[in-house]
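This is start.cif. It holds mmCIF, C-alpha atoms.
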data_input
#
loop_
_atom_site.label_atom_id
_atom_site.label_comp_id
_atom_site.auth_asym_id
_atom_site.auth_seq_id
_atom_site.Cartn_x
_atom_site.Cartn_y
_atom_site.Cartn_z
CA MET E 2 65.75 41.57 26.56
CA ILE E 3 66.13 45.36 26.71
CA LEU E 4 65.12 45.12 30.39
CA GLU E 5 67.97 42.74 31.03
CA TYR E 6 70.51 45.14 29.52
CA PHE E 7 69.03 47.91 31.67
CA MET E 8 69.48 45.72 34.75
CA ILE E 9 73.14 45.08 33.81
CA LEU E 10 73.59 48.84 33.55
CA LEU E 11 72.02 49.32 36.99
CA LEU E 12 74.24 46.63 38.52
CA LEU E 13 77.34 48.31 37.09
CA LEU E 14 76.10 51.63 38.50
CA MET E 15 75.64 49.97 41.88
CA VAL E 16 79.17 48.55 41.97
CA GLY E 17 80.60 51.93 40.87
CA LEU E 18 78.67 53.78 43.55
CA ALA E 19 79.85 51.30 46.18
CA ILE E 20 83.49 51.88 45.14
CA TYR E 21 82.92 55.64 45.30
CA ALA E 22 81.31 55.30 48.74
CA VAL E 23 84.32 53.43 50.05
CA GLU E 24 87.01 55.59 48.44
CA THR E 25 85.81 59.19 48.88
CA LYS E 26 87.20 61.29 51.73
CA ASP E 27 83.96 63.14 52.48
CA LEU E 28 81.90 60.97 54.81
CA LEU E 29 78.63 62.72 53.95
CA ALA E 30 79.09 62.01 50.22
CA SER E 31 80.00 58.44 51.12
CA VAL E 32 76.78 57.99 53.10
CA ILE E 33 74.66 59.43 50.29
CA ALA E 34 76.33 57.08 47.81
CA ALA E 35 75.66 54.10 50.11
CA GLY E 36 71.99 55.13 50.29
CA PHE E 37 71.93 55.32 46.49
CA VAL E 38 73.29 51.77 46.33
CA SER E 39 70.29 50.67 48.41
CA LEU E 40 67.88 52.58 46.17
CA VAL E 41 69.26 50.91 43.03
CA ALA E 42 69.13 47.58 44.86
CA SER E 43 65.40 48.05 45.41
CA ILE E 44 64.89 48.43 41.64
CA VAL E 45 66.91 45.23 41.15
CA TYR E 46 64.63 43.45 43.65
CA LEU E 47 61.64 44.57 41.62
CA TYR E 48 63.15 42.94 38.52
CA LEU E 49 63.82 39.78 40.53
CA GLN E 50 60.05 39.56 41.31
CA ALA E 51 60.35 40.41 44.99
CA PRO E 52 58.03 43.41 45.59
CA ASP E 53 57.95 42.89 49.37
CA VAL E 54 61.72 43.07 49.64
CA ALA E 55 61.81 46.04 47.25
CA MET E 56 59.45 47.99 49.51
CA THR E 57 61.47 47.14 52.61
CA GLU E 58 64.76 48.09 50.99
CA ALA E 59 63.41 51.39 49.66
CA ALA E 60 61.94 52.35 53.03
CA ILE E 61 64.74 51.12 55.27
CA GLY E 62 67.93 50.99 53.23
CA ALA E 63 67.48 54.23 51.36
CA GLY E 64 65.50 56.14 53.98
CA LEU E 65 66.16 55.21 57.58
CA THR E 66 69.76 53.97 57.34
CA THR E 67 70.89 57.11 55.51
CA LEU E 68 69.22 59.31 58.10
CA ILE E 69 70.79 57.41 61.01
CA PHE E 70 74.23 57.75 59.39
CA ILE E 71 73.68 61.48 58.84
CA ILE E 72 72.70 61.98 62.49
CA ALA E 73 75.84 60.12 63.58
CA ILE E 74 78.02 62.21 61.25
CA ARG E 75 76.50 65.42 62.58
CA LYS E 76 77.36 64.36 66.12
CA THR E 77 80.95 63.43 65.15
CA GLU E 78 82.95 64.77 62.21
CA ARG E 79 82.52 64.93 58.48
CA ARG E 80 86.06 64.64 57.10
CA GLU E 81 88.15 61.53 56.91
CA ARG E 82 91.81 62.18 57.52
CA MET B 26 101.43 47.17 51.84
CA ARG B 27 98.48 46.19 54.05
CA LYS B 28 96.19 47.36 51.28
CA TRP B 29 97.71 45.02 48.68
CA ILE B 30 97.66 42.03 51.02
CA ALA B 31 93.98 42.69 51.64
CA ILE B 32 93.25 43.06 47.91
CA THR B 33 95.02 39.76 47.11
CA PHE B 34 93.10 37.99 49.86
CA LEU B 35 89.81 39.45 48.63
CA LEU B 36 90.50 38.44 45.02
CA ILE B 37 91.19 34.84 46.07
CA LEU B 38 88.00 34.85 48.17
CA GLY B 39 86.02 36.32 45.29
CA PHE B 40 87.34 33.65 42.89
CA PHE B 41 86.11 30.85 45.12
CA MET B 42 82.76 32.56 45.75
CA LEU B 43 82.26 32.94 42.00
CA ARG B 44 83.12 29.27 41.48
CA ILE B 45 80.47 28.25 44.01
CA ALA B 46 77.86 30.65 42.64
CA GLY B 47 78.60 29.46 39.10
CA ALA B 48 77.30 26.02 40.05
CA PHE B 49 73.79 27.46 40.28
CA PRO B 50 72.19 28.33 36.94
CA PHE B 51 70.73 31.83 37.16
CA GLY B 52 67.03 32.11 36.44
CA GLU B 53 66.24 28.41 36.52
CA ASN B 54 64.17 26.39 38.89
CA THR B 55 66.47 25.59 41.80
CA TRP B 56 63.98 23.06 43.15
CA LYS B 57 64.50 20.95 40.05
CA VAL B 58 68.28 21.51 40.20
CA ALA B 59 68.32 20.32 43.81
CA ARG B 60 66.28 17.28 42.86
CA GLN B 61 69.06 16.06 40.55
CA TYR B 62 71.47 15.79 43.46
CA VAL B 63 69.21 14.04 45.96
CA LYS B 64 68.58 10.36 45.44
CA ASN B 65 65.42 8.40 46.19
CA VAL B 66 62.94 11.23 45.84
CA THR B 67 59.60 10.37 44.35
CA GLU B 68 57.40 13.04 42.83
CA GLU B 69 54.81 12.72 45.58
CA LYS B 70 57.18 13.98 48.25
CA TRP B 71 56.85 17.71 48.61
CA TRP B 72 59.81 19.95 48.97
CA VAL B 73 59.33 22.59 51.62
CA ALA B 74 59.08 25.59 49.29
CA GLU B 75 56.73 23.72 46.96
CA HIS B 76 54.54 22.87 49.91
CA TYR B 77 54.42 26.54 50.93
CA VAL B 78 53.52 27.61 47.41
CA ASP B 79 51.03 24.93 46.48
CA LYS B 80 49.25 24.44 49.80
CA GLY B 81 49.66 27.98 51.13
CA ILE B 82 46.37 29.31 49.80
CA LYS B 83 44.47 26.26 51.01
CA GLU B 84 45.96 26.35 54.49
CA ASN B 85 46.14 30.09 55.14
CA ARG B 86 43.96 31.93 52.56
CA GLY B 87 46.40 34.83 52.42
CA SER B 88 47.10 36.07 48.90
CA ASN B 89 50.63 37.18 49.71
CA LEU B 90 52.67 34.01 50.14
CA VAL B 91 55.64 35.87 51.60
CA THR B 92 53.39 37.11 54.41
CA SER B 93 52.13 33.58 55.01
CA ILE B 94 55.69 32.34 55.33
CA VAL B 95 56.94 35.20 57.50
CA VAL B 96 54.01 35.25 59.90
CA ASN B 97 52.68 31.72 59.96
CA TYR B 98 55.04 29.00 58.69
CA ARG B 99 58.11 30.70 60.15
CA GLY B 100 56.34 32.81 62.75
CA PHE B 101 58.57 31.59 65.54
CA ASP B 102 61.55 32.91 63.61
CA THR B 103 59.83 36.29 63.28
CA LEU B 104 59.15 36.37 67.02
CA GLY B 105 62.87 35.93 67.65
CA GLU B 106 63.67 38.58 65.07
CA VAL B 107 61.38 41.12 66.72
CA THR B 108 63.14 40.32 69.99
CA VAL B 109 66.51 41.05 68.37
CA LEU B 110 65.15 44.40 67.17
CA PHE B 111 63.98 45.21 70.69
CA LEU B 112 67.36 44.25 72.15
CA ALA B 113 69.22 46.44 69.63
CA ALA B 114 67.00 49.44 70.43
CA THR B 115 67.51 48.89 74.18
CA ALA B 116 71.27 48.59 73.77
CA LEU B 117 71.32 51.81 71.74
CA ALA B 118 69.35 53.72 74.37
CA PHE B 119 71.58 52.35 77.12
CA LEU B 120 74.82 53.22 75.29
CA LEU B 121 73.70 56.70 74.34
CA SER B 122 72.52 57.51 77.85
CA SER B 123 76.14 57.34 79.03
CA CYS B 124 77.27 59.64 76.18
CA THR B 125 77.67 63.11 77.58
CA CYS B 126 79.87 65.35 75.51
CA PHE B 127 79.57 65.99 71.81
CA ARG B 128 80.76 68.53 69.33
CA LYS B 129 78.76 71.72 69.59
CA TYR B 130 76.81 72.67 66.53
CA GLU B 131 74.43 75.43 65.64
CA ARG B 132 70.88 74.37 65.16
CA ILE B 133 69.51 76.08 62.06
CA GLU B 134 65.80 76.78 62.02
CA ALA B 135 63.99 74.71 59.38
CA SER B 136 62.59 76.53 56.38
CA LEU B 137 58.91 77.31 55.92
CA ILE B 138 58.56 74.81 53.09
CA LEU B 139 59.88 71.93 55.20
CA LYS B 140 57.68 72.90 58.16
CA THR B 141 54.45 73.23 56.16
CA ALA B 142 55.08 70.12 54.09
CA SER B 143 55.86 67.94 57.08
CA ASP B 144 52.82 69.24 58.98
CA THR B 145 50.66 68.26 56.01
CA LEU B 146 52.35 64.94 55.36
CA TYR B 147 52.59 63.68 58.95
CA PRO B 148 49.02 62.33 59.36
CA LEU B 149 48.93 61.15 55.76
CA LEU B 150 52.16 59.16 56.17
CA ILE B 151 50.86 57.54 59.35
CA LEU B 152 47.63 56.64 57.53
CA PHE B 153 49.65 55.18 54.65
CA GLY B 154 51.73 53.09 57.04
CA ALA B 155 48.57 51.75 58.67
CA TYR B 156 47.17 50.94 55.22
CA ILE B 157 50.31 49.00 54.36
CA PHE B 158 50.25 46.82 57.43
CA ILE B 159 46.49 46.23 57.48
CA HIS B 160 46.63 44.99 53.88
CA GLY B 161 49.78 42.95 54.49
CA HIS B 162 48.15 39.62 53.59
CA LEU B 163 46.71 40.90 50.29
CA THR B 164 49.27 43.23 48.71
CA PRO B 165 53.04 43.60 48.93
CA GLY B 166 54.03 45.09 52.23
CA GLY B 167 53.24 44.34 55.82
CA GLY B 168 54.18 45.12 59.37
CA PHE B 169 57.85 45.81 58.79
CA GLN B 170 57.31 48.16 55.85
CA GLY B 171 54.34 49.95 57.44
CA GLY B 172 56.23 50.41 60.69
CA THR B 173 59.15 51.91 58.81
CA VAL B 174 56.87 54.36 56.99
CA ILE B 175 55.45 55.48 60.35
CA ALA B 176 58.98 55.89 61.70
CA SER B 177 59.92 58.05 58.71
CA ALA B 178 56.88 60.27 59.42
CA VAL B 179 58.22 60.80 62.94
CA MET B 180 61.65 61.48 61.45
CA LEU B 181 60.20 64.19 59.20
CA MET B 182 58.60 65.92 62.18
CA LEU B 183 61.86 65.73 64.13
CA LEU B 184 63.68 67.38 61.23
CA ALA B 185 61.13 70.16 60.91
CA HIS B 186 60.33 71.12 64.51
CA PHE B 187 62.89 71.45 67.23
CA SER B 188 60.29 71.18 69.97
CA PHE B 189 58.65 68.01 68.62
CA HIS B 190 59.15 65.18 71.04
CA PRO B 191 57.27 61.87 70.87
CA ASN B 192 56.03 60.63 74.22
CA HIS B 193 58.45 57.95 75.35
CA GLU B 194 55.99 56.37 77.79
CA VAL B 195 53.40 55.88 75.05
CA LEU B 196 56.01 54.44 72.70
CA SER B 197 57.29 51.87 75.18
CA VAL B 198 53.79 50.88 76.31
CA THR B 199 52.71 50.39 72.68
CA GLU B 200 55.79 48.34 71.97
CA GLY B 201 55.31 46.09 74.98
CA LEU B 202 51.59 45.60 74.28
CA ALA B 203 52.28 44.67 70.66
CA GLY B 204 54.87 42.10 71.72
CA ILE B 205 52.46 40.65 74.28
CA VAL B 206 49.72 40.40 71.61
CA PHE B 207 52.07 38.50 69.29
CA ALA B 208 53.08 36.02 72.00
CA ALA B 209 49.48 35.70 73.25
CA ILE B 210 48.19 34.79 69.77
CA GLY B 211 50.91 32.16 69.57
CA LEU B 212 49.96 30.73 72.96
CA ALA B 213 46.27 30.75 72.00
CA GLY B 214 47.23 28.58 69.05
CA LEU B 215 48.97 26.27 71.49
CA ILE B 216 45.88 26.02 73.70
CA TRP B 217 43.00 25.88 71.19
CA GLY B 218 44.79 24.97 68.00
CA ARG B 219 47.28 22.29 67.16
CA SER B 220 50.61 24.06 67.70
CA PHE B 221 52.28 27.35 68.63
CA LEU B 222 51.03 30.07 66.23
CA ALA B 223 48.55 27.66 64.65
CA ASN B 224 46.19 29.29 62.19
CA ASN B 225 43.01 27.35 63.02
CA ILE B 226 41.72 29.28 66.01
CA LEU B 227 39.86 31.86 63.88
CA PRO B 228 37.69 31.29 60.78
CA LEU B 229 39.81 31.51 57.66
CA GLY B 230 37.29 33.30 55.46
CA HIS B 231 37.41 33.67 51.70
CA TRP B 232 40.47 34.10 49.54
CA ASN B 233 41.43 37.68 48.55
CA ARG B 234 39.17 39.47 51.03
CA LEU B 235 40.22 41.93 53.73
CA PHE B 236 38.75 39.83 56.58
CA SER B 237 40.44 36.54 55.82
CA ALA B 238 43.54 34.50 56.58
CA GLY B 239 42.74 33.89 60.27
CA VAL B 240 45.34 35.30 62.65
CA ILE B 241 47.81 36.53 60.01
CA PRO B 242 46.47 40.13 59.77
CA LEU B 243 46.26 40.39 63.58
CA ILE B 244 49.89 39.34 64.00
CA TYR B 245 51.06 41.63 61.22
CA ILE B 246 49.20 44.60 62.74
CA ALA B 247 50.92 43.85 66.05
CA ILE B 248 54.29 43.69 64.27
CA GLY B 249 53.50 47.00 62.54
CA PHE B 250 52.83 48.75 65.84
CA LYS B 251 55.91 47.20 67.41
CA VAL B 252 58.33 48.06 64.59
CA GLY B 253 56.87 51.57 64.19
CA SER B 254 57.16 52.49 67.86
CA GLU B 255 60.58 50.84 68.17
CA LEU B 256 62.16 52.61 65.21
CA SER B 257 60.56 55.92 66.21
CA GLY B 258 62.04 55.56 69.67
CA LEU B 259 65.42 54.65 68.17
CA ILE B 260 65.49 57.72 65.92
CA THR B 261 64.35 59.97 68.76
CA ASP B 262 67.10 58.58 70.98
CA MET B 263 69.75 59.30 68.36
CA PHE B 264 68.35 62.76 67.66
CA LYS B 265 67.96 63.94 71.21
CA VAL B 266 71.29 62.96 72.74
CA THR B 267 71.80 65.53 75.45
CA LYS B 268 74.99 67.46 75.25
CA GLU B 269 76.40 69.18 78.26
CA GLU B 270 78.78 72.05 77.97
CA MET Z 24 75.15 35.13 36.32
CA PHE Z 25 75.71 38.87 36.18
CA PHE Z 26 73.59 39.25 39.31
CA PHE Z 27 75.78 36.79 41.20
CA ALA Z 28 78.97 38.50 40.04
CA SER Z 29 77.90 42.01 41.01
CA SER Z 30 76.50 40.96 44.39
CA ILE Z 31 79.78 39.16 45.15
CA ALA Z 32 81.58 42.35 44.06
CA LEU Z 33 79.49 44.33 46.56
CA ILE Z 34 80.36 41.87 49.35
CA LEU Z 35 84.07 42.16 48.52
CA ILE Z 36 83.95 45.97 48.41
CA GLY Z 37 82.32 46.03 51.84
CA LEU Z 38 84.89 43.61 53.20
CA TYR Z 39 87.68 45.74 51.73
CA ALA Z 40 86.34 48.79 53.59
CA VAL Z 41 86.22 46.83 56.84
CA LEU Z 42 89.75 45.46 56.41
CA VAL Z 43 91.69 48.42 55.03
CA LYS Z 44 90.02 51.71 55.99
CA ARG Z 45 91.16 53.44 59.16
CA ASN Z 46 88.01 55.47 59.74
CA ILE Z 47 85.41 53.84 61.98
CA MET Z 48 82.48 55.39 60.13
CA LYS Z 49 83.84 53.98 56.84
CA MET Z 50 83.90 50.53 58.40
CA VAL Z 51 80.22 50.79 59.34
CA ILE Z 52 79.40 51.98 55.81
CA GLY Z 53 81.28 48.93 54.49
CA LEU Z 54 79.20 46.66 56.71
CA SER Z 55 76.01 48.18 55.34
CA ILE Z 56 77.18 47.72 51.71
CA MET Z 57 78.10 44.09 52.48
CA ASP Z 58 74.58 43.60 53.86
CA THR Z 59 73.05 44.78 50.56
CA GLY Z 60 75.31 42.44 48.58
CA VAL Z 61 74.36 39.38 50.62
CA ASN Z 62 70.66 40.21 50.27
CA ILE Z 63 70.85 40.54 46.47
CA LEU Z 64 72.76 37.23 46.27
CA ILE Z 65 70.09 35.37 48.25
CA ILE Z 66 67.20 36.89 46.28
CA SER Z 67 68.79 36.15 42.91
CA LEU Z 68 69.23 32.49 43.93
CA GLY Z 69 65.45 32.21 44.24
CA PHE Z 70 64.63 33.94 40.96
CA ILE Z 71 63.13 31.87 38.14
CA ARG Z 72 62.95 33.42 34.69
CA GLY Z 73 59.50 34.06 33.28
CA LYS Z 74 57.59 33.53 36.53
CA THR Z 75 55.65 36.06 38.52
CA ALA Z 76 55.87 37.37 42.09
CA PRO Z 77 54.48 35.13 44.87
CA ILE Z 78 51.26 37.10 45.30
CA ILE Z 79 48.24 35.05 44.32
CA ASN Z 80 45.66 37.65 43.37
CA ALA Z 81 44.27 36.13 40.15
CA LYS Z 82 42.11 33.06 39.61
CA ASP Z 83 44.46 31.39 37.11
CA LEU Z 84 47.31 31.40 39.61
CA LEU Z 85 45.35 29.18 41.98
CA VAL Z 86 45.90 25.94 40.06
CA ARG Z 87 49.44 24.47 39.83
CA THR Z 88 50.88 27.48 41.59
CA SER Z 89 54.41 26.12 41.94
CA SER Z 90 54.96 26.25 38.16
CA LYS Z 91 53.96 29.92 37.96
CA VAL Z 92 55.62 31.83 40.84
CA VAL Z 93 59.20 32.33 42.01
CA ASP Z 94 60.58 30.86 45.23
CA PRO Z 95 59.11 32.84 48.19
CA VAL Z 96 61.35 31.45 50.94
CA PRO Z 97 64.49 33.57 50.18
CA GLN Z 98 62.28 36.65 50.02
CA ALA Z 99 60.91 35.94 53.50
CA LEU Z 100 64.44 35.43 54.82
CA VAL Z 101 65.75 38.67 53.30
CA LEU Z 102 62.72 40.65 54.49
CA THR Z 103 63.65 39.98 58.11
CA ALA Z 104 67.39 40.33 57.45
CA ILE Z 105 66.99 43.92 56.19
CA VAL Z 106 65.10 44.99 59.32
CA ILE Z 107 67.74 43.34 61.52
CA GLY Z 108 70.38 45.15 59.45
CA VAL Z 109 69.10 48.62 60.28
CA ALA Z 110 68.94 47.83 64.01
CA VAL Z 111 72.49 46.46 63.98
CA THR Z 112 73.73 49.50 62.06
CA ALA Z 113 72.11 51.82 64.60
CA ALA Z 114 73.73 49.95 67.48
CA ALA Z 115 77.13 50.10 65.75
CA LEU Z 116 76.74 53.83 65.14
CA SER Z 117 75.87 54.43 68.79
CA ILE Z 118 79.12 52.66 69.73
CA VAL Z 119 80.96 54.91 67.24
CA MET Z 120 79.38 58.01 68.80
CA LEU Z 121 80.35 56.81 72.28
CA MET Z 122 83.95 56.22 71.15
CA TYR Z 123 84.07 59.68 69.56
CA SER Z 124 82.83 61.32 72.75
CA LYS Z 125 85.77 59.80 74.66
CA LYS Z 126 88.70 60.65 72.35
CA LYS Z 127 87.35 63.18 69.81
CA SER Z 128 88.66 61.17 66.89
CA LEU Z 129 87.28 58.71 64.36
CA GLU Z 130 90.66 57.20 63.47
CA ILE Z 131 91.14 53.63 64.64
CA GLU Z 132 94.83 54.22 65.46
CA GLU Z 133 93.92 56.44 68.39
CA TYR Z 134 92.33 53.57 70.27
CA LYS Z 135 95.24 51.62 71.70
CA GLU Z 136 93.80 50.37 74.97
CA LEU Z 137 93.22 46.85 73.69
CA LYS Z 138 96.63 46.68 72.03
CA TRP Z 139 99.48 44.96 73.87
#
Could you write out this file's structure as structure tokens?
Amino acid sequence: MILEYFMILLLLLMVGLAIYAVETKDLLASVIAAGFVSLVASIVYLYLQAPDVAMTEAAIGAGLTTLIFIIAIRKTERRER
Amino acid sequence: MRKWIAITFLLILGFFMLRIAGAFPFGENTWKVARQYVKNVTEEKWWVAEHYVDKGIKENRGSNLVTSIVVNYRGFDTLGEVTVLFLAATALAFLLSSCTCFRKYERIEASLILKTASDTLYPLLILFGAYIFIHGHLTPGGGFQGGTVIASAVMLMLLAHFSFHPNHEVLSVTEGLAGIVFAAIGLAGLIWGRSFLANNILPLGHWNRLFSAGVIPLIYIAIGFKVGSELSGLITDMFKVTKEE
Amino acid sequence: MFFFASSIALILIGLYAVLVKRNIMKMVIGLSIMDTGVNILIISLGFIRGKTAPIINAKDLLVRTSSKVVDPVPQALVLTAIVIGVAVTAAALSIVMLMYSKKKSLEIEEYKELKW
């Protein structure tokens, strides 16, 4: 039961981070927040008994996607006008 | 103005999506729920997912049922998916090759800690990725995860050393060979087995052993090599876009 | 139920970014958030309370398996969807980089060639 409340807390954190990622003006902070959403999502997958998907999400969503976004931001600009 | 129109539209959309999702009880057996709505189903008829779960061990001998489904029951789907990955990487390389001018930026030399740590971790990460995709039919993980771990090892080296450059020829040859191995195993099933990607051309072995599950480990190792080389090439392409002043 | 609600909220937030934001990079970030939401929705449809992961590594799981493990088919679908997602995001970002190299701006209002 306590695990379920913890999961509700994590889901709320995920939605809040997604709103922050969309609303902030700094693109780098936005990308880091989007990567954090993926990291929390991998914990949620672990609760939902999907260890394969949790591994994939942790490796790809939190690792590779964030890095690709950061490379693209470095080649373009960081501020949103 | 545009913002509020969009928010109203999204709220209406969200209301209907919640209504639809509310029809499914969370955390209950959806197979039984679906059975209530379909008439004339006797208990002997297997639903597809129940067939995968109950007969999967007998037919494939792989402990990880997700791997059995991805590689064997829906292997054709995975072949198409790997092709999509290849097409996306090719499109990226093609698009970026016509990109010439970018903002100039100063390249800062990486610190000693990053350099030493990535030199130490690079072979270990590649070994770990290989472990993940060799044991794909026994433990969680498989070709996609292992390939991604290998790609992140390459990424670490690219971050640490400016001169590090993976050999593009080797990467594309590995990728092509892995794809050919996947398709060839499928065709071998068509020739000697009963269908494309059939799992009766090799001895199945015992349950929960490393050498078991017929062609599933071979296909997943091929997928691991393919995904690893493809994502490494993709990251290298994005990293090394030439800029001309 | 809470899982469905928050994954639908993630989908809507991503769609909001795609519809309203004027920065191209923000739109791609919205697409990636929407991807995560769809994946969590599909996985939580296959979850069954009190059952274990579909990895049969113990003897007692071998008999009557379908009453002891969760549905593995959505997990297999999502596994491939995540890998496709990263490739699609990389392709979209390369298009963004190409657009930036032409006009030196990430704002969508600068690109008027297709407008008439």
### Query
Contacts of B:Phe189 at 10 Å or less, counting all atoms listed in the file, minus same-chain residues fewer than 6 places along, as number ranges by chain?
B: 179, 182-183, 261
Report as a tab-separated table the residues of chain Z within 6 Å of chain E, each with its shortest atom pair and distance in Å (one decimal), using only C-alpha atoms, ordered by chain and increasing residue number.
residue	atom	partner	partner_atom	distance
Z:Phe70	CA	E:Leu49	CA	5.9
Z:Ala76	CA	E:Gln50	CA	4.8
Z:Leu102	CA	E:Val54	CA	5.5
For a quick test of understanding: name the residues of chain B lying within 7 Å of chain Z when counting only C-alpha atoms, and present them as an mmCIF file with C-alpha atoms, in the coordinates of the input.
data_model
loop_
_atom_site.group_PDB
_atom_site.id
_atom_site.type_symbol
_atom_site.label_atom_id
_atom_site.label_comp_id
_atom_site.auth_asym_id
_atom_site.auth_seq_id
_atom_site.Cartn_x
_atom_site.Cartn_y
_atom_site.Cartn_z
ATOM 1 C CA LYS B 28 96.190 47.360 51.280
ATOM 2 C CA ALA B 31 93.980 42.690 51.640
ATOM 3 C CA LEU B 35 89.810 39.450 48.630
ATOM 4 C CA GLY B 39 86.020 36.320 45.290
ATOM 5 C CA LEU B 43 82.260 32.940 42.000
ATOM 6 C CA ALA B 46 77.860 30.650 42.640
ATOM 7 C CA PHE B 51 70.730 31.830 37.160
ATOM 8 C CA GLY B 52 67.030 32.110 36.440
ATOM 9 C CA GLU B 53 66.240 28.410 36.520
ATOM 10 C CA ASN B 54 64.170 26.390 38.890
ATOM 11 C CA ALA B 74 59.080 25.590 49.290
ATOM 12 C CA GLU B 75 56.730 23.720 46.960
ATOM 13 C CA VAL B 78 53.520 27.610 47.410
ATOM 14 C CA ASP B 79 51.030 24.930 46.480
ATOM 15 C CA SER B 88 47.100 36.070 48.900
ATOM 16 C CA ASN B 89 50.630 37.180 49.710
ATOM 17 C CA LEU B 90 52.670 34.010 50.140
ATOM 18 C CA VAL B 91 55.640 35.870 51.600
ATOM 19 C CA ILE B 94 55.690 32.340 55.330
ATOM 20 C CA VAL B 95 56.940 35.200 57.500
ATOM 21 C CA LEU B 110 65.150 44.400 67.170
ATOM 22 C CA ALA B 113 69.220 46.440 69.630
ATOM 23 C CA ALA B 114 67.000 49.440 70.430
ATOM 24 C CA ALA B 116 71.270 48.590 73.770
ATOM 25 C CA LEU B 117 71.320 51.810 71.740
ATOM 26 C CA LEU B 120 74.820 53.220 75.290
ATOM 27 C CA LEU B 121 73.700 56.700 74.340
ATOM 28 C CA CYS B 124 77.270 59.640 76.180
ATOM 29 C CA CYS B 126 79.870 65.350 75.510
ATOM 30 C CA PHE B 127 79.570 65.990 71.810
ATOM 31 C CA ASN B 233 41.430 37.680 48.550
#
### Task
Compile the residues of chain B that lie within 8 Å of chain E, evaluated using all atoms listed in the file, and express the compilation as a PyMOL selection string.
chain B and resi 91+127-128+165-166+169-170+173-174+177+260+263-264
### Task
May I ask for the distance between atom CA of Z:Met50 and atom CA of B:Val252, given in Å to one decimal place?
26.4 Å
For stretch 45-57 of chain Z, which lacks atoms in the input, supply N, CA and C atoms and format the output as a PDB file, in the coordinates of the input.
ATOM      1  N   ARG Z  45      90.799  53.133  57.784  1.00  0.00           N
ATOM      2  CA  ARG Z  45      91.160  53.440  59.160  1.00  0.00           C
ATOM      3  C   ARG Z  45      90.086  54.244  59.872  1.00  0.00           C
ATOM      4  N   ASN Z  46      89.075  54.667  59.141  1.00  0.00           N
ATOM      5  CA  ASN Z  46      88.010  55.470  59.740  1.00  0.00           C
ATOM      6  C   ASN Z  46      86.880  54.563  60.201  1.00  0.00           C
ATOM      7  N   ILE Z  47      86.412  54.767  61.430  1.00  0.00           N
ATOM      8  CA  ILE Z  47      85.410  53.840  61.980  1.00  0.00           C
ATOM      9  C   ILE Z  47      84.091  53.949  61.215  1.00  0.00           C
ATOM     10  N   MET Z  48      83.745  55.181  60.843  1.00  0.00           N
ATOM     11  CA  MET Z  48      82.480  55.390  60.130  1.00  0.00           C
ATOM     12  C   MET Z  48      82.514  54.679  58.771  1.00  0.00           C
ATOM     13  N   LYS Z  49      83.701  54.688  58.124  1.00  0.00           N
ATOM     14  CA  LYS Z  49      83.840  53.980  56.840  1.00  0.00           C
ATOM     15  C   LYS Z  49      83.625  52.481  57.025  1.00  0.00           C
ATOM     16  N   MET Z  50      84.091  51.957  58.152  1.00  0.00           N
ATOM     17  CA  MET Z  50      83.900  50.530  58.400  1.00  0.00           C
ATOM     18  C   MET Z  50      82.416  50.200  58.513  1.00  0.00           C
ATOM     19  N   VAL Z  51      81.659  51.065  59.198  1.00  0.00           N
ATOM     20  CA  VAL Z  51      80.220  50.790  59.340  1.00  0.00           C
ATOM     21  C   VAL Z  51      79.524  50.896  57.986  1.00  0.00           C
ATOM     22  N   ILE Z  52      79.967  51.867  57.154  1.00  0.00           N
ATOM     23  CA  ILE Z  52      79.400  51.980  55.810  1.00  0.00           C
ATOM     24  C   ILE Z  52      79.700  50.713  55.011  1.00  0.00           C
ATOM     25  N   GLY Z  53      80.935  50.178  55.168  1.00  0.00           N
ATOM     26  CA  GLY Z  53      81.280  48.930  54.490  1.00  0.00           C
ATOM     27  C   GLY Z  53      80.410  47.781  54.922  1.00  0.00           C
ATOM     28  N   LEU Z  54      80.100  47.710  56.229  1.00  0.00           N
ATOM     29  CA  LEU Z  54      79.200  46.660  56.710  1.00  0.00           C
ATOM     30  C   LEU Z  54      77.833  46.766  56.062  1.00  0.00           C
ATOM     31  N   SER Z  55      77.342  48.007  55.914  1.00  0.00           N
ATOM     32  CA  SER Z  55      76.010  48.180  55.340  1.00  0.00           C
ATOM     33  C   SER Z  55      75.995  47.799  53.856  1.00  0.00           C
ATOM     34  N   ILE Z  56      77.108  48.101  53.127  1.00  0.00           N
ATOM     35  CA  ILE Z  56      77.180  47.720  51.710  1.00  0.00           C
ATOM     36  C   ILE Z  56      77.236  46.189  51.578  1.00  0.00           C
ATOM     37  N   MET Z  57      77.994  45.547  52.493  1.00  0.00           N
ATOM     38  CA  MET Z  57      78.100  44.090  52.480  1.00  0.00           C
ATOM     39  C   MET Z  57      76.730  43.455  52.704  1.00  0.00           C
TER      40      MET Z  57
END
